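Worksheet for the structure shown next.
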Amino acid sequence: QVQLVESGGGLVQAGGSLRLSCAASRSIFSGNMPGWYRQAPGKERELVAQITNGGITNYADSVKGRFTISRDNVKKTVYLQMNSLKPEDTGVYYCNVRIGANVFWGQGTQVTVSS
């Protein structure tokens, strides 16, 4: 069984920063492509960022230049540094990783950006 635990969410004013962390219960990020998703109230869950084992990143257009995803395979942790936050970044942020046919999700961490 794999567990992903997100942390670092909270309430921040527009223009502020937060750093999210996703810790895995075992070394599942190595060799795979973990990612961050978010879900705003009344909207579908959407991809925010992904990172390959080689460090290649992919971002949603809405966060390019503001968010940075990174990984530490030794610490079994994936990070999402979020700068210049906007009210539209508000939502529950989830960590995700696919291993073969299985997809694992964390419980999510709430991010609220006030205007």
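Residue numbers start at 1 in each chain; chains themselves are named A, B, ... in the order of the structure tokens; ligands are numbered from 1 in the order shown.
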
Name all residues at most 7 Å from range 86-89 of chain A (count only C-alpha atoms; drop same-chain ones fewer than 5 positions away) and give them as a list in words. Ala14, Gly15, Val113, Ser114 and Ser115 of chain A

Among range 36-115 of chain A, which ones does DSSP assign to strand (DSSP E) (computed from the backbone)? Answer as a PyMOL selection string. chain A and resi 36-39+46-51+57-59+67-72+77-82+91-99+102-105+109-114

Shortest interatomic distance to Tyr37 in chain A - which of A:Cys95, A:Val12, A:Ala24, A:Ala101, counting only C-alpha atoms: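 The shortest atom-to-atom distance to Tyr37 in chain A comes from A:Cys95.
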
Closest to Gln1 in chain A among A:Asp72, A:Trp105, A:Pro34, A:Tyr59, using only C-alpha atoms?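 Among the listed residues, the smallest separation from Gln1 in chain A belongs to A:Trp105.
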
Residue neighbourhood range 74-85 of chain A, 6 Å, only C-alpha atoms, exclusion window fewer than 5 positions, as a PyMOL selection string: chain A and resi 14-24+27+66-69

Keeping C-alpha atoms, export the residues of the selection given above as a short mmCIF file (atom, residue, chain, number, x, y, z; two decimals), in the first residue's frame.
```cif
data_model
loop_
_atom_site.label_atom_id
_atom_site.label_comp_id
_atom_site.auth_asym_id
_atom_site.auth_seq_id
_atom_site.Cartn_x
_atom_site.Cartn_y
_atom_site.Cartn_z
CA ALA A 14 -2.67 37.50 -3.25
CA GLY A 15 0.94 37.90 -4.28
CA GLY A 16 2.16 35.65 -1.50
CA SER A 17 3.90 32.29 -1.59
CA LEU A 18 3.40 28.79 -0.29
CA ARG A 19 5.45 25.62 -0.57
CA LEU A 20 3.59 22.33 -0.72
CA SER A 21 5.19 19.01 0.11
CA CYS A 22 4.10 15.49 -0.77
CA ALA A 23 5.76 12.71 1.21
CA ALA A 24 5.46 9.09 0.08
CA SER A 27 10.24 5.07 -2.70
CA ARG A 66 4.93 31.26 -10.95
CA PHE A 67 5.04 27.64 -9.76
CA THR A 68 7.99 25.29 -9.59
CA ILE A 69 7.81 21.55 -9.07
#
```

Show which residues sit within 7 Å of Gly106 in chain A, as a count of residues only. Count only C-alpha atoms, and ignore same-chain residues fewer than 4 positions away. 7

Any idea what's packed within 10 Å of Gly54 in chain A, counting only C-alpha atoms, ignoring anything in its chain fewer than 5 positions away? Could you give it as a PDB file with all heavy atoms, in the first residue's frame?
```
ATOM      1  N   SER A  30      10.827   7.581  -7.497  1.00  0.00           N
ATOM      2  CA  SER A  30      11.978   7.264  -8.327  1.00  0.00           C
ATOM      3  C   SER A  30      11.549   6.403  -9.511  1.00  0.00           C
ATOM      4  O   SER A  30      10.908   5.370  -9.348  1.00  0.00           O
ATOM      5  CB  SER A  30      13.021   6.521  -7.489  1.00  0.00           C
ATOM      6  OG  SER A  30      14.147   6.213  -8.271  1.00  0.00           O
ATOM      7  N   GLY A  31      11.891   6.865 -10.716  1.00  0.00           N
ATOM      8  CA  GLY A  31      11.523   6.134 -11.918  1.00  0.00           C
ATOM      9  C   GLY A  31      10.137   6.442 -12.431  1.00  0.00           C
ATOM     10  O   GLY A  31       9.746   5.956 -13.493  1.00  0.00           O
ATOM     11  N   ASN A  32       9.383   7.230 -11.711  1.00  0.00           N
ATOM     12  CA  ASN A  32       8.027   7.589 -12.118  1.00  0.00           C
ATOM     13  C   ASN A  32       7.893   9.096 -12.248  1.00  0.00           C
ATOM     14  O   ASN A  32       8.846   9.843 -12.033  1.00  0.00           O
ATOM     15  CB  ASN A  32       7.018   7.045 -11.109  1.00  0.00           C
ATOM     16  CG  ASN A  32       6.987   5.534 -11.116  1.00  0.00           C
ATOM     17  OD1 ASN A  32       6.654   4.906 -12.118  1.00  0.00           O
ATOM     18  ND2 ASN A  32       7.347   4.911 -10.003  1.00  0.00           N
ATOM     19  N   MET A  33       6.701   9.544 -12.621  1.00  0.00           N
ATOM     20  CA  MET A  33       6.473  10.954 -12.882  1.00  0.00           C
ATOM     21  C   MET A  33       5.381  11.482 -11.966  1.00  0.00           C
ATOM     22  O   MET A  33       4.199  11.491 -12.326  1.00  0.00           O
ATOM     23  CB  MET A  33       6.097  11.183 -14.350  1.00  0.00           C
ATOM     24  CG  MET A  33       5.974  12.655 -14.728  1.00  0.00           C
ATOM     25  SD  MET A  33       5.883  12.906 -16.520  1.00  0.00           S
ATOM     26  CE  MET A  33       4.316  12.148 -16.866  1.00  0.00           C
TER      27      MET A  33
END
```

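Going from CA of Thr112 in chain A to CA of Asp61 in chain A covers 19.8 Å.
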
Best match for closeness to Arg45 in chain A among A:Gln110, A:Ile28, A:Phe104, A:Tyr93, counting only C-alpha atoms: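 Nearest to Arg45 in chain A: A:Tyr93.
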
Taking the backbone alone, and naming residues the way the document does, which bits of chain A are helix (DSSP H, G or I) by DSSP, as a PyMOL selection string? chain A and resi 61-63+87-89
